Each structure stands twice: as C-alpha cells, then as structure tokens.
$ cat my_file-v5.txt   # compact mmCIF, C-alpha atoms (C1' of nucleotides)
# COMPACT_ATOMS: atom_id res chain seq x y z
CA MET A 1 18.31 -2.42 39.38
CA THR A 2 17.44 -5.40 37.28
CA ASP A 3 13.75 -4.57 36.83
CA SER A 4 14.46 -1.46 34.85
CA GLY A 5 13.21 -3.11 31.68
CA LEU A 6 14.31 -2.87 28.11
CA ARG A 7 14.45 0.36 26.22
CA SER A 8 12.92 0.34 22.80
CA GLY A 9 16.23 0.16 20.99
CA GLU A 10 17.38 -2.75 23.13
CA LEU A 11 14.15 -4.62 22.56
CA ALA A 12 14.25 -3.94 18.84
CA ASP A 13 17.82 -5.23 18.63
CA ALA A 14 17.05 -8.28 20.73
CA ALA A 15 14.04 -9.18 18.64
CA GLY A 16 15.52 -8.23 15.31
CA VAL A 17 12.92 -5.66 14.41
CA ASN A 18 12.94 -1.96 13.74
CA VAL A 19 12.24 0.47 16.58
CA GLN A 20 9.45 2.02 14.53
CA THR A 21 7.92 -1.40 14.20
CA LEU A 22 7.50 -1.58 17.96
CA ARG A 23 5.45 1.58 17.97
CA TYR A 24 3.56 0.33 14.96
CA TYR A 25 2.70 -2.90 16.78
CA GLU A 26 1.62 -0.89 19.79
CA ARG A 27 -0.75 1.12 17.59
CA ARG A 28 -2.02 -2.09 16.05
CA GLY A 29 -2.71 -3.59 19.48
CA LEU A 30 -0.11 -6.34 19.28
CA LEU A 31 1.93 -4.90 22.10
CA VAL A 32 0.30 -3.28 25.10
CA SER A 33 1.65 0.13 26.04
CA PRO A 34 4.59 -0.54 28.36
CA ARG A 35 5.37 1.51 31.43
CA ARG A 36 7.45 4.60 30.96
CA SER A 37 10.51 6.10 32.54
CA PRO A 38 10.02 9.43 34.36
CA GLY A 39 11.06 11.10 31.14
CA GLY A 40 8.53 9.22 29.03
CA HIS A 41 10.74 6.56 27.50
CA ARG A 42 9.20 3.13 27.06
CA LEU A 43 10.44 0.39 29.37
CA TYR A 44 9.47 -3.06 28.19
CA PRO A 45 9.36 -6.18 30.36
CA SER A 46 12.05 -8.52 29.15
CA ASP A 47 9.63 -11.24 28.05
CA THR A 48 8.49 -8.93 25.31
CA VAL A 49 11.32 -10.41 23.27
CA THR A 50 9.51 -13.73 23.40
CA LEU A 51 6.25 -12.06 22.51
CA LEU A 52 7.81 -10.53 19.44
CA ARG A 53 9.16 -13.90 18.43
CA VAL A 54 5.67 -15.28 18.82
CA ILE A 55 4.31 -12.55 16.59
CA LYS A 56 6.93 -13.12 13.94
CA THR A 57 6.32 -16.86 14.03
CA ALA A 58 2.59 -16.45 13.66
CA GLN A 59 3.14 -14.08 10.76
CA ARG A 60 5.42 -16.58 9.15
CA LEU A 61 2.70 -19.19 9.57
CA GLY A 62 0.50 -17.02 7.45
CA PHE A 63 -1.48 -15.09 10.03
CA THR A 64 -2.04 -11.40 9.37
CA LEU A 65 -1.25 -8.88 12.09
CA ASN A 66 -4.97 -8.51 12.78
CA GLU A 67 -5.28 -12.22 13.27
CA VAL A 68 -2.24 -12.30 15.51
CA ALA A 69 -3.66 -9.44 17.55
CA ASP A 70 -6.88 -11.40 17.94
CA LEU A 71 -5.06 -14.53 19.01
CA LEU A 72 -2.99 -12.65 21.54
CA ALA A 73 -6.00 -10.83 22.93
CA ALA A 74 -7.88 -14.12 23.19
CA GLY A 75 -4.93 -15.54 25.11
CA ARG A 76 -4.89 -12.55 27.45
CA HIS A 77 -8.63 -12.46 28.14
CA ARG A 78 -9.03 -16.18 28.50
CA HIS A 79 -9.69 -16.54 32.19
CA ARG A 80 -11.19 -19.97 32.45
CA ARG A 81 -12.53 -20.62 28.99
CA THR A 82 -10.63 -23.55 27.62
CA ASP A 83 -10.67 -22.69 23.96
CA ASN A 84 -9.35 -19.42 22.70
CA GLY A 85 -9.74 -20.41 19.10
CA LEU A 86 -6.14 -21.14 18.23
CA GLN A 87 -7.03 -24.69 17.25
CA ALA A 88 -9.88 -23.58 15.01
CA ARG A 89 -7.89 -20.79 13.46
CA ALA A 90 -4.89 -22.98 12.87
CA THR A 91 -7.18 -25.46 11.12
CA GLU A 92 -8.58 -22.74 8.89
CA LYS A 93 -5.12 -21.45 8.19
CA LEU A 94 -3.99 -24.92 7.31
CA ALA A 95 -6.74 -25.20 4.74
CA GLU A 96 -5.69 -21.82 3.37
CA VAL A 97 -2.08 -22.91 3.09
CA GLU A 98 -3.14 -26.09 1.35
CA ARG A 99 -5.20 -24.11 -1.14
CA LYS A 100 -2.23 -21.86 -1.79
CA MET A 101 -0.02 -24.88 -2.38
CA ALA A 102 -2.48 -26.35 -4.83
CA ASP A 103 -2.52 -23.06 -6.73
CA LEU A 104 1.24 -22.95 -6.80
CA THR A 105 1.35 -26.50 -8.08
CA VAL A 106 -0.74 -25.52 -11.07
CA ILE A 107 1.45 -22.50 -11.63
CA ARG A 108 4.62 -24.54 -11.34
CA ASP A 109 3.40 -27.10 -13.83
CA THR A 110 2.36 -24.36 -16.21
CA LEU A 111 5.72 -22.65 -16.01
CA ARG A 112 7.46 -25.97 -16.59
CA ALA A 113 5.30 -26.61 -19.62
CA ALA A 114 5.99 -23.14 -20.98
CA ILE A 115 9.70 -23.65 -20.51
CA SER A 116 9.87 -27.05 -22.11
CA ALA A 117 7.64 -25.92 -24.96
CA GLY A 118 10.10 -23.10 -25.59
CA CYS A 119 7.55 -20.31 -25.28
CA ASP A 120 9.23 -17.10 -26.18
CA ASP A 121 6.75 -14.28 -26.49
CA LEU A 122 3.63 -13.94 -24.43
CA VAL A 123 1.58 -12.25 -27.07
CA ALA A 124 2.63 -14.58 -29.84
CA CYS A 125 1.86 -17.57 -27.64
CA ALA A 126 -1.58 -16.25 -26.87
CA GLY A 127 -2.32 -16.42 -30.57
CA SER A 128 -0.98 -19.92 -31.19
CA ALA A 129 -3.21 -22.88 -30.50
CA CYS A 130 -0.40 -25.10 -29.25
CA CYS A 131 0.82 -22.92 -26.44
CA PRO A 132 0.74 -24.41 -22.95
CA LEU A 133 -0.03 -21.06 -21.35
CA PRO A 134 -3.65 -21.22 -20.25
CA PHE A 135 -4.76 -17.74 -21.12
CA THR A 136 -8.38 -18.36 -20.35
CA GLU A 137 -8.43 -21.37 -18.07
CA LEU A 138 -6.05 -20.31 -15.32
CA ALA A 139 -8.41 -17.84 -13.77
CA GLU A 140 -10.57 -20.81 -12.82
CA GLY A 141 -7.55 -22.86 -11.82
CA ASN A 142 -7.89 -26.46 -12.94
CA ASP A 143 -6.09 -29.07 -14.98
CA HIS A 144 -3.03 -27.98 -16.87
CA ALA A 145 -3.14 -27.75 -20.61
CA ASP A 146 0.10 -29.09 -22.01
CA GLN A 147 -1.34 -31.49 -24.53
CA CYS A 148 0.46 -29.90 -27.44
CA MET B 1 -17.60 0.66 -39.78
CA THR B 2 -15.93 -2.33 -38.21
CA ASP B 3 -12.63 -0.67 -37.37
CA SER B 4 -14.12 1.73 -34.88
CA GLY B 5 -12.55 -0.11 -31.97
CA LEU B 6 -13.70 -0.85 -28.49
CA ARG B 7 -14.63 1.83 -26.04
CA SER B 8 -13.13 1.48 -22.62
CA GLY B 9 -16.31 0.18 -21.05
CA GLU B 10 -16.71 -2.44 -23.73
CA LEU B 11 -13.13 -3.58 -23.38
CA ALA B 12 -13.42 -3.67 -19.63
CA ASP B 13 -16.55 -5.79 -19.81
CA ALA B 14 -15.08 -8.10 -22.42
CA ALA B 15 -11.92 -8.65 -20.40
CA GLY B 16 -13.59 -8.76 -17.03
CA VAL B 17 -11.69 -5.86 -15.51
CA ASN B 18 -12.62 -2.47 -14.18
CA VAL B 19 -12.53 0.56 -16.46
CA GLN B 20 -10.21 2.29 -14.04
CA THR B 21 -7.88 -0.64 -14.28
CA LEU B 22 -7.43 0.02 -18.00
CA ARG B 23 -6.25 3.53 -17.30
CA TYR B 24 -4.10 2.20 -14.50
CA TYR B 25 -2.46 -0.31 -16.85
CA GLU B 26 -1.90 2.44 -19.37
CA ARG B 27 -0.11 4.51 -16.71
CA ARG B 28 1.92 1.45 -15.76
CA GLY B 29 2.96 0.87 -19.35
CA LEU B 30 1.12 -2.41 -19.81
CA LEU B 31 -1.21 -0.99 -22.41
CA VAL B 32 -0.01 1.51 -24.97
CA SER B 33 -2.15 4.60 -25.34
CA PRO B 34 -4.82 3.69 -27.85
CA ARG B 35 -6.06 6.03 -30.52
CA ARG B 36 -8.81 8.40 -29.60
CA SER B 37 -12.14 9.44 -30.99
CA PRO B 38 -12.40 13.07 -32.13
CA GLY B 39 -13.78 13.84 -28.69
CA GLY B 40 -10.92 12.19 -26.89
CA HIS B 41 -12.45 8.85 -25.97
CA ARG B 42 -10.15 5.84 -26.10
CA LEU B 43 -10.73 3.38 -28.94
CA TYR B 44 -8.95 0.09 -28.38
CA PRO B 45 -8.11 -2.42 -31.10
CA SER B 46 -10.13 -5.53 -30.47
CA ASP B 47 -7.14 -7.76 -29.79
CA THR B 48 -6.59 -5.82 -26.60
CA VAL B 49 -8.96 -8.30 -25.00
CA THR B 50 -6.38 -10.99 -25.67
CA LEU B 51 -3.65 -8.78 -24.33
CA LEU B 52 -5.53 -8.29 -21.10
CA ARG B 53 -5.99 -12.03 -20.79
CA VAL B 54 -2.27 -12.41 -21.28
CA ILE B 55 -1.61 -9.91 -18.53
CA LYS B 56 -3.99 -11.62 -16.14
CA THR B 57 -2.45 -14.99 -16.91
CA ALA B 58 1.05 -13.74 -16.32
CA GLN B 59 -0.04 -12.19 -13.04
CA ARG B 60 -1.59 -15.43 -12.03
CA LEU B 61 1.70 -17.15 -12.83
CA GLY B 62 3.33 -14.96 -10.23
CA PHE B 63 4.71 -12.13 -12.34
CA THR B 64 4.30 -8.62 -10.97
CA LEU B 65 2.88 -5.91 -13.20
CA ASN B 66 6.37 -4.50 -13.63
CA GLU B 67 7.62 -7.84 -14.81
CA VAL B 68 4.68 -8.24 -17.15
CA ALA B 69 5.32 -4.78 -18.54
CA ASP B 70 8.94 -5.76 -19.16
CA LEU B 71 7.96 -8.97 -20.88
CA LEU B 72 5.47 -7.21 -23.11
CA ALA B 73 7.92 -4.46 -23.98
CA ALA B 74 10.56 -7.07 -24.78
CA GLY B 75 8.07 -8.78 -27.06
CA ARG B 76 7.28 -5.51 -28.78
CA HIS B 77 10.86 -4.39 -29.29
CA ARG B 78 12.18 -7.73 -30.39
CA HIS B 79 12.89 -7.17 -34.05
CA ARG B 80 15.10 -10.06 -34.91
CA ARG B 81 16.65 -10.99 -31.61
CA THR B 82 15.53 -14.51 -30.88
CA ASP B 83 15.44 -14.33 -27.12
CA ASN B 84 13.32 -11.78 -25.36
CA GLY B 85 13.98 -13.28 -21.97
CA LEU B 86 10.71 -15.05 -21.41
CA GLN B 87 12.48 -18.37 -21.09
CA ALA B 88 14.99 -17.03 -18.60
CA ARG B 89 12.37 -15.19 -16.62
CA ALA B 90 10.06 -18.16 -16.54
CA THR B 91 12.93 -20.25 -15.24
CA GLU B 92 13.63 -17.74 -12.49
CA LYS B 93 9.97 -17.53 -11.68
CA LEU B 94 9.79 -21.30 -11.51
CA ALA B 95 12.59 -21.33 -8.96
CA GLU B 96 10.74 -18.66 -7.00
CA VAL B 97 7.54 -20.67 -7.04
CA GLU B 98 9.41 -23.75 -5.91
CA ARG B 99 10.97 -21.84 -3.03
CA LYS B 100 7.55 -20.59 -2.05
CA MET B 101 6.18 -24.10 -2.11
CA ALA B 102 9.00 -25.37 0.06
CA ASP B 103 8.24 -22.59 2.57
CA LEU B 104 4.59 -23.46 2.55
CA THR B 105 5.41 -27.10 3.12
CA VAL B 106 7.26 -26.21 6.31
CA ILE B 107 4.39 -24.00 7.37
CA ARG B 108 1.83 -26.67 6.63
CA ASP B 109 3.74 -29.27 8.61
CA THR B 110 4.12 -26.85 11.48
CA LEU B 111 0.42 -26.05 11.54
CA ARG B 112 -0.39 -29.74 11.45
CA ALA B 113 1.95 -30.39 14.34
CA ALA B 114 0.45 -27.54 16.34
CA ILE B 115 -3.03 -28.86 15.70
CA SER B 116 -2.29 -32.43 16.61
CA ALA B 117 -0.32 -31.35 19.68
CA GLY B 118 -3.40 -29.42 20.80
CA CYS B 119 -1.63 -26.06 21.09
CA ASP B 120 -4.05 -23.60 22.54
CA ASP B 121 -2.35 -20.35 23.45
CA LEU B 122 0.50 -18.83 21.51
CA VAL B 123 2.18 -17.20 24.47
CA ALA B 124 1.84 -20.21 26.74
CA CYS B 125 3.25 -22.43 24.00
CA ALA B 126 6.20 -20.15 23.53
CA GLY B 127 7.11 -20.83 27.16
CA SER B 128 6.73 -24.58 27.05
CA ALA B 129 9.60 -26.70 25.87
CA CYS B 130 7.41 -29.30 24.18
CA CYS B 131 5.57 -27.01 21.83
CA PRO B 132 5.89 -27.74 18.13
CA LEU B 133 5.74 -24.07 17.20
CA PRO B 134 9.23 -23.10 16.13
CA PHE B 135 9.47 -19.68 17.66
CA THR B 136 13.08 -19.18 16.81
CA GLU B 137 13.81 -21.57 13.98
CA LEU B 138 11.14 -20.65 11.46
CA ALA B 139 12.70 -17.39 10.45
CA GLU B 140 15.56 -19.41 8.99
CA GLY B 141 13.18 -21.99 7.56
CA ASN B 142 14.50 -25.50 7.94
CA ASP B 143 13.50 -28.83 9.42
CA HIS B 144 10.33 -28.96 11.42
CA ALA B 145 10.51 -29.48 15.16
CA ASP B 146 7.76 -31.84 16.14
CA GLN B 147 9.81 -34.24 18.19
CA CYS B 148 7.77 -33.72 21.30
C1' DT C 1 -32.07 18.16 -30.22
C1' DT C 2 -32.41 16.50 -26.05
C1' DG C 3 -31.42 13.39 -22.57
C1' DC C 4 -28.82 9.94 -20.49
C1' DA C 5 -25.09 6.72 -20.37
C1' DT C 6 -20.51 6.76 -20.79
C1' DC C 7 -15.91 8.63 -20.73
C1' DC C 8 -12.37 12.19 -19.59
C1' DG C 9 -8.43 13.78 -16.39
C1' DG C 10 -7.03 14.40 -11.83
C1' DT C 11 -6.87 13.24 -7.37
C1' DA C 12 -7.65 10.69 -3.33
C1' DC C 13 -8.28 6.55 -1.07
C1' DC C 14 -7.97 1.39 0.10
C1' DC C 15 -5.35 -2.94 1.95
C1' DA C 16 -1.05 -4.81 4.50
C1' DG C 17 3.08 -4.09 6.73
C1' DG C 18 5.94 -1.39 7.64
C1' DT C 19 9.91 2.70 7.10
C1' DA C 20 11.59 7.52 7.27
C1' DC C 21 12.00 12.12 8.73
C1' DA C 22 11.67 16.39 11.55
C1' DG C 23 12.15 18.88 15.68
C1' DG C 24 12.57 18.46 20.42
C1' DC C 25 13.43 16.01 25.02
C1' DT C 26 16.01 12.36 28.07
C1' DT C 27 19.57 9.42 29.47
C1' DA C 28 24.02 7.76 29.97
C1' DC C 29 28.69 8.21 30.19
C1' DC C 30 33.01 10.74 30.88
C1' DG D 1 27.99 19.36 33.61
C1' DG D 2 28.62 18.68 28.92
C1' DT D 3 27.80 16.05 24.92
C1' DA D 4 26.30 12.40 22.11
C1' DA D 5 23.29 8.78 21.52
C1' DG D 6 18.92 7.45 21.99
C1' DC D 7 14.03 8.18 22.44
C1' DC D 8 9.64 10.96 21.99
C1' DT D 9 5.37 12.35 18.96
C1' DG D 10 3.43 13.23 14.70
C1' DT D 11 3.23 12.85 10.09
C1' DA D 12 4.46 11.41 5.59
C1' DC D 13 6.02 8.04 2.55
C1' DC D 14 6.82 3.29 0.44
C1' DT D 15 5.35 -1.13 -2.43
C1' DG D 16 1.63 -3.53 -5.21
C1' DG D 17 -2.59 -3.55 -7.29
C1' DG D 18 -6.00 -1.48 -7.82
C1' DT D 19 -10.84 1.39 -6.69
C1' DA D 20 -13.67 5.60 -5.99
C1' DC D 21 -15.16 10.17 -6.62
C1' DC D 22 -15.47 14.71 -8.92
C1' DG D 23 -16.97 18.08 -12.32
C1' DG D 24 -17.18 18.46 -16.93
C1' DA D 25 -17.23 16.77 -21.86
C1' DT D 26 -18.82 13.25 -25.42
C1' DG D 27 -21.49 9.78 -27.91
C1' DC D 28 -25.50 7.80 -29.35
C1' DA D 29 -30.25 6.97 -30.00
C1' DA D 30 -35.00 8.43 -30.11

$ encode --input "my_file-v5.txt" --output "structure tokens"
Amino acid sequence: MTDSGLRSGELADAAGVNVQTLRYYERRGLLVSPRRSPGGHRLYPSDTVTLLRVIKTAQRLGFTLNEVADLLAAGRHRHRRTDNGLQARATEKLAEVERKMADLTVIRDTLRAAISAGCDDLVACAGSACCPLPFTELAEGNDHADQC
Amino acid sequence: MTDSGLRSGELADAAGVNVQTLRYYERRGLLVSPRRSPGGHRLYPSDTVTLLRVIKTAQRLGFTLNEVADLLAAGRHRHRRTDNGLQARATEKLAEVERKMADLTVIRDTLRAAISAGCDDLVACAGSACCPLPFTELAEGNDHADQC
DNA sequence: TTGCATCCGGTACCCAGGTACAGGCTTACC
DNA sequence: GGTAAGCCTGTACCTGGGTACCGGATGCAA
C-alpha cells in the first residue's frame, strides 16, 4: 500500500530533523497529531516533509516557533478570508531584521575601531579617554565614537 | 569613612542591573567575590560600576558571558605578556558579526521579495513554483531566488 | 533599642528550542 | 517465530542570561 504514510524516523530523516523534534513540534502545535498504526505508531502524510521545510524556512527568516504556529494555524483556518496576516507579519519581521542589521552595523564598526586602535585590555581601555569602546553610549546605540 | 565600599543594592542601582544579577555574575566568575562587612554583606570597590559597564558593553558587542569572563580573567592574569587575546578575539567576533550580517541580508531580501510578491499563505506558497520563499535553499544560505 | 529596609544563601523558575534517557511495546525482516 | 530496530510515553536535562521567592540575619537611623 502506498498510503501507509511515513513513520517518524523516516519523516525525521527526510526533513533533516530529530525524531524528538517531531514530537516537540506536535506539542507546540506546529504539527497536528497524525493518524496512528494499530500499534500506536505515528503515520505522517508524505507532504509533512514540505511542512517541515516550511517551518524551518520561517524559522530561518526570523520567526519564532510560536509565530510559525500562528501563521500555520491562520493558513489552516482561513476559509474565505483573504488575508491571514502573512503580509503584515512579514512586514513587521522585515522591520525587525532591519533594526537588527543596524545594531550589528554599529557593533561591527566598534569592533573595527577597537581592532585598529589596538585595544588590548577591556578594563584598561575603560579607564583611558581615547578608547573607541563606547562603554556608556552603546546601550543607547548611536553614532560610533572613534574620534581618538 | 570613604573606603566603606558599595553595598550590592547601591552598585546595582549605579550600574543599572538587578541585585540578583550581581550574585549571578559572581557565580559566573565575572565579578570576583568582594570583601564583606562583619555581618557578611558584600562591599564592592567603587570601580566595580565601571567593570559592570565594561561587561555590558562587551555583551552588547556580541560576546557571551563566558567570553567576557575569559577576557577579564586574561586582563587580570596578564603580568607582562603583551597580548591577552582581546585583539584576536575581537577579530574573530568581527568575522562572526559580518557572517551574521550577511545572513540577515539574505533574510531581508527574501522577506522583501515575499512581500512584494504578495505571498499570503506559507503552505500554499511552498507548493507553488513561483514563490520567492526559498524552502529548500535557505538552509544553505546563498543567492536569493526572486526570479519569478 | 526598635523598626524597617536591605542583604544573605539556596533554590526554583523563566524564555526559546530543542535533546536525551528509561522502560516497555510494535514492526519488519529472515 | 525469533530478533533487532524502531517507536511509544514521560520526564529530565541542556544552553544563555537572567529573575523570583523564601526564611532568616544585618545595617542604619530615629
């Protein structure tokens, strides 16, 4: 029979995840409970591989598992509503990613300044006026201070 | 007496951290055990405020607490060795930050593509050939696939 | 000297995203 | 039909960076 479905180990291998992760995702509501064999073993429909790829992609795009679960549930329950929120959420996430990149830019510039200034000891630098490490400013995150 | 030192609450307030965090940092080896009052209360030297700022800065630059602890210990034990590794570690960290930024760039472009393509449902998109969401490629992280 | 704020140590809990292990049952293959 | 691999549930543990609560002791000021 070809409709016997995938066993958890097969699915895990096919999707490149751990078997335990499948059960974890089931608990978290990312995967619906699949049908079982007479003996109680899970039998997954074969498109679950795709679903797992979707989950991993969304995670990689910066969505948390809760957010992914929401998005998937919205997709499942969307009967005739046109908008399940993916557009809006992707837009928010984009803003988040852009914020993160801006932060990292500051950090990168600071590290570069520290390297080219030859900073050698964190504590010593904190005491010297001409150190590019922004010991007070960074928390606010603004212009870099390498005017030394 | 001016050498009485800071009590943990004072230090915590001055540095903008939680009192519990001070004890946590002590456990983690970021702060050395300070001297105590006769009754056992911690009395911190006043420059510990600076040290905490250093720690927070280093964290913000992407160092983990373990790494910060290492850097501080290296600074403390450096008697006449010139290099305590800050330069090398900062260089590594810079590479790490640059990798992270490259990742985020891919993610940002992908999100932008998904938004402008009007993607609406993760699972539906995964089935359509003309979806910009890279359900298989992203894990490897390479060129974006918005040629649709 | 009394009262209240603060601090002590120890332990438990939180978030996210899993991973591991134990003891027992099922399935598949020869 | 035997045996080994795989799967089941439940629970505990991991990393990282803290936070919260407890009962009891201390510090400081009026």

$ residues_around --input "my_file-v5.txt" --residues "DC13 in chain C" --least-positions-apart "4" --cutoff "12 Å" --atoms "only C-alpha atoms (C1' of nucleotides)" --output "list in words"
DG18, DT19, DA20 and DC21 of chain D

$ write_last_selection --input "my_file-v5.txt" --atoms "C-alpha atoms (C1' of nucleotides)" --output "PDB file, in the coordinates of the input"
ATOM      1  C1'  DG D  18      -6.000  -1.480  -7.820  1.00  0.00           C
ATOM      2  C1'  DT D  19     -10.840   1.390  -6.690  1.00  0.00           C
ATOM      3  C1'  DA D  20     -13.670   5.600  -5.990  1.00  0.00           C
ATOM      4  C1'  DC D  21     -15.160  10.170  -6.620  1.00  0.00           C
TER       5       DC D  21
END

$ interface_residues --input "my_file-v5.txt" --of "chain C" --to "chain B" --cutoff "8 Å" --atoms "all atoms listed in the file" --output "mmCIF file with C-alpha atoms (C1' of nucleotides), in the coordinates of the input"
data_model
loop_
_atom_site.group_PDB
_atom_site.id
_atom_site.type_symbol
_atom_site.label_atom_id
_atom_site.label_comp_id
_atom_site.auth_asym_id
_atom_site.auth_seq_id
_atom_site.Cartn_x
_atom_site.Cartn_y
_atom_site.Cartn_z
ATOM 1 C "C1'" DT C 6 -20.510 6.760 -20.790
ATOM 2 C "C1'" DC C 7 -15.910 8.630 -20.730
ATOM 3 C "C1'" DC C 8 -12.370 12.190 -19.590
#

$ interface_residues --input "my_file-v5.txt" --of "chain D" --to "chain A" --cutoff "9 Å" --atoms "only C-alpha atoms (C1' of nucleotides)" --output "PDB file with C-alpha atoms (C1' of nucleotides), in the coordinates of the input"
ATOM      1  C1'  DG D   6      18.920   7.450  21.990  1.00  0.00           C
ATOM      2  C1'  DC D   7      14.030   8.180  22.440  1.00  0.00           C
ATOM      3  C1'  DC D   8       9.640  10.960  21.990  1.00  0.00           C
TER       4       DC D   8
END

$ interface_residues --input "my_file-v5.txt" --of "chain A" --to "chain B" --cutoff "7 Å" --atoms "all atoms listed in the file" --output "ChimeraX atom specification"
/A:51,53-54,57,61,75,83-84,86-87,90,94,97,101,104,107-108,111,115,118-123,126,135-136,138

$ residues_around --input "my_file-v5.txt" --residues "DA22 in chain C" --least-positions-apart "4" --cutoff "12 Å" --atoms "all atoms listed in the file" --output "list in words"
DC8, DT9, DG10, DT11 and DA12 of chain D

$ write_last_selection --input "my_file-v5.txt" --atoms "C-alpha atoms (C1' of nucleotides)" --output "compact mmCIF listing (two decimals), in the frame of the given file"
# COMPACT_ATOMS: atom_id res chain seq x y z
C1' DC D 8 9.64 10.96 21.99
C1' DT D 9 5.37 12.35 18.96
C1' DG D 10 3.43 13.23 14.70
C1' DT D 11 3.23 12.85 10.09
C1' DA D 12 4.46 11.41 5.59

$ atom_distance --input "my_file-v5.txt" --atom1 "C1' of DC28 in chain D" --atom2 "CA of Asp13 in chain B"
18.9 Å

$ residues_around --input "my_file-v5.txt" --residues "Ser46 in chain B" --least-positions-apart "4" --cutoff "8 Å" --atoms "all atoms listed in the file" --output "short mmCIF file (atom, residue, chain, number, x, y, z; two decimals) with C-alpha atoms, in the coordinates of the input"
data_model
loop_
_atom_site.label_atom_id
_atom_site.label_comp_id
_atom_site.auth_asym_id
_atom_site.auth_seq_id
_atom_site.Cartn_x
_atom_site.Cartn_y
_atom_site.Cartn_z
CA GLY B 5 -12.55 -0.11 -31.97
CA LEU B 6 -13.70 -0.85 -28.49
CA LEU B 11 -13.13 -3.58 -23.38
#

$ atom_distance --input "my_file-v5.txt" --atom1 "CA of Ser4 in chain A" --atom2 "CA of Gly29 in chain A"
23.1 Å

$ residues_around --input "my_file-v5.txt" --residues "Pro34 in chain B" --least-positions-apart "3" --cutoff "8 Å" --atoms "all atoms listed in the file" --output "JSON, numbers by chain"
{"B": [42, 43, 44, 45]}

$ atom_distance --input "my_file-v5.txt" --atom1 "C1' of DG17 in chain C" --atom2 "CA of Leu65 in chain A"
8.4 Å

$ residues_around --input "my_file-v5.txt" --residues "DA4 in chain D" --least-positions-apart "6" --cutoff "12 Å" --atoms "only C-alpha atoms (C1' of nucleotides)" --output "MDAnalysis selection string"
chainID C and resid 26:30
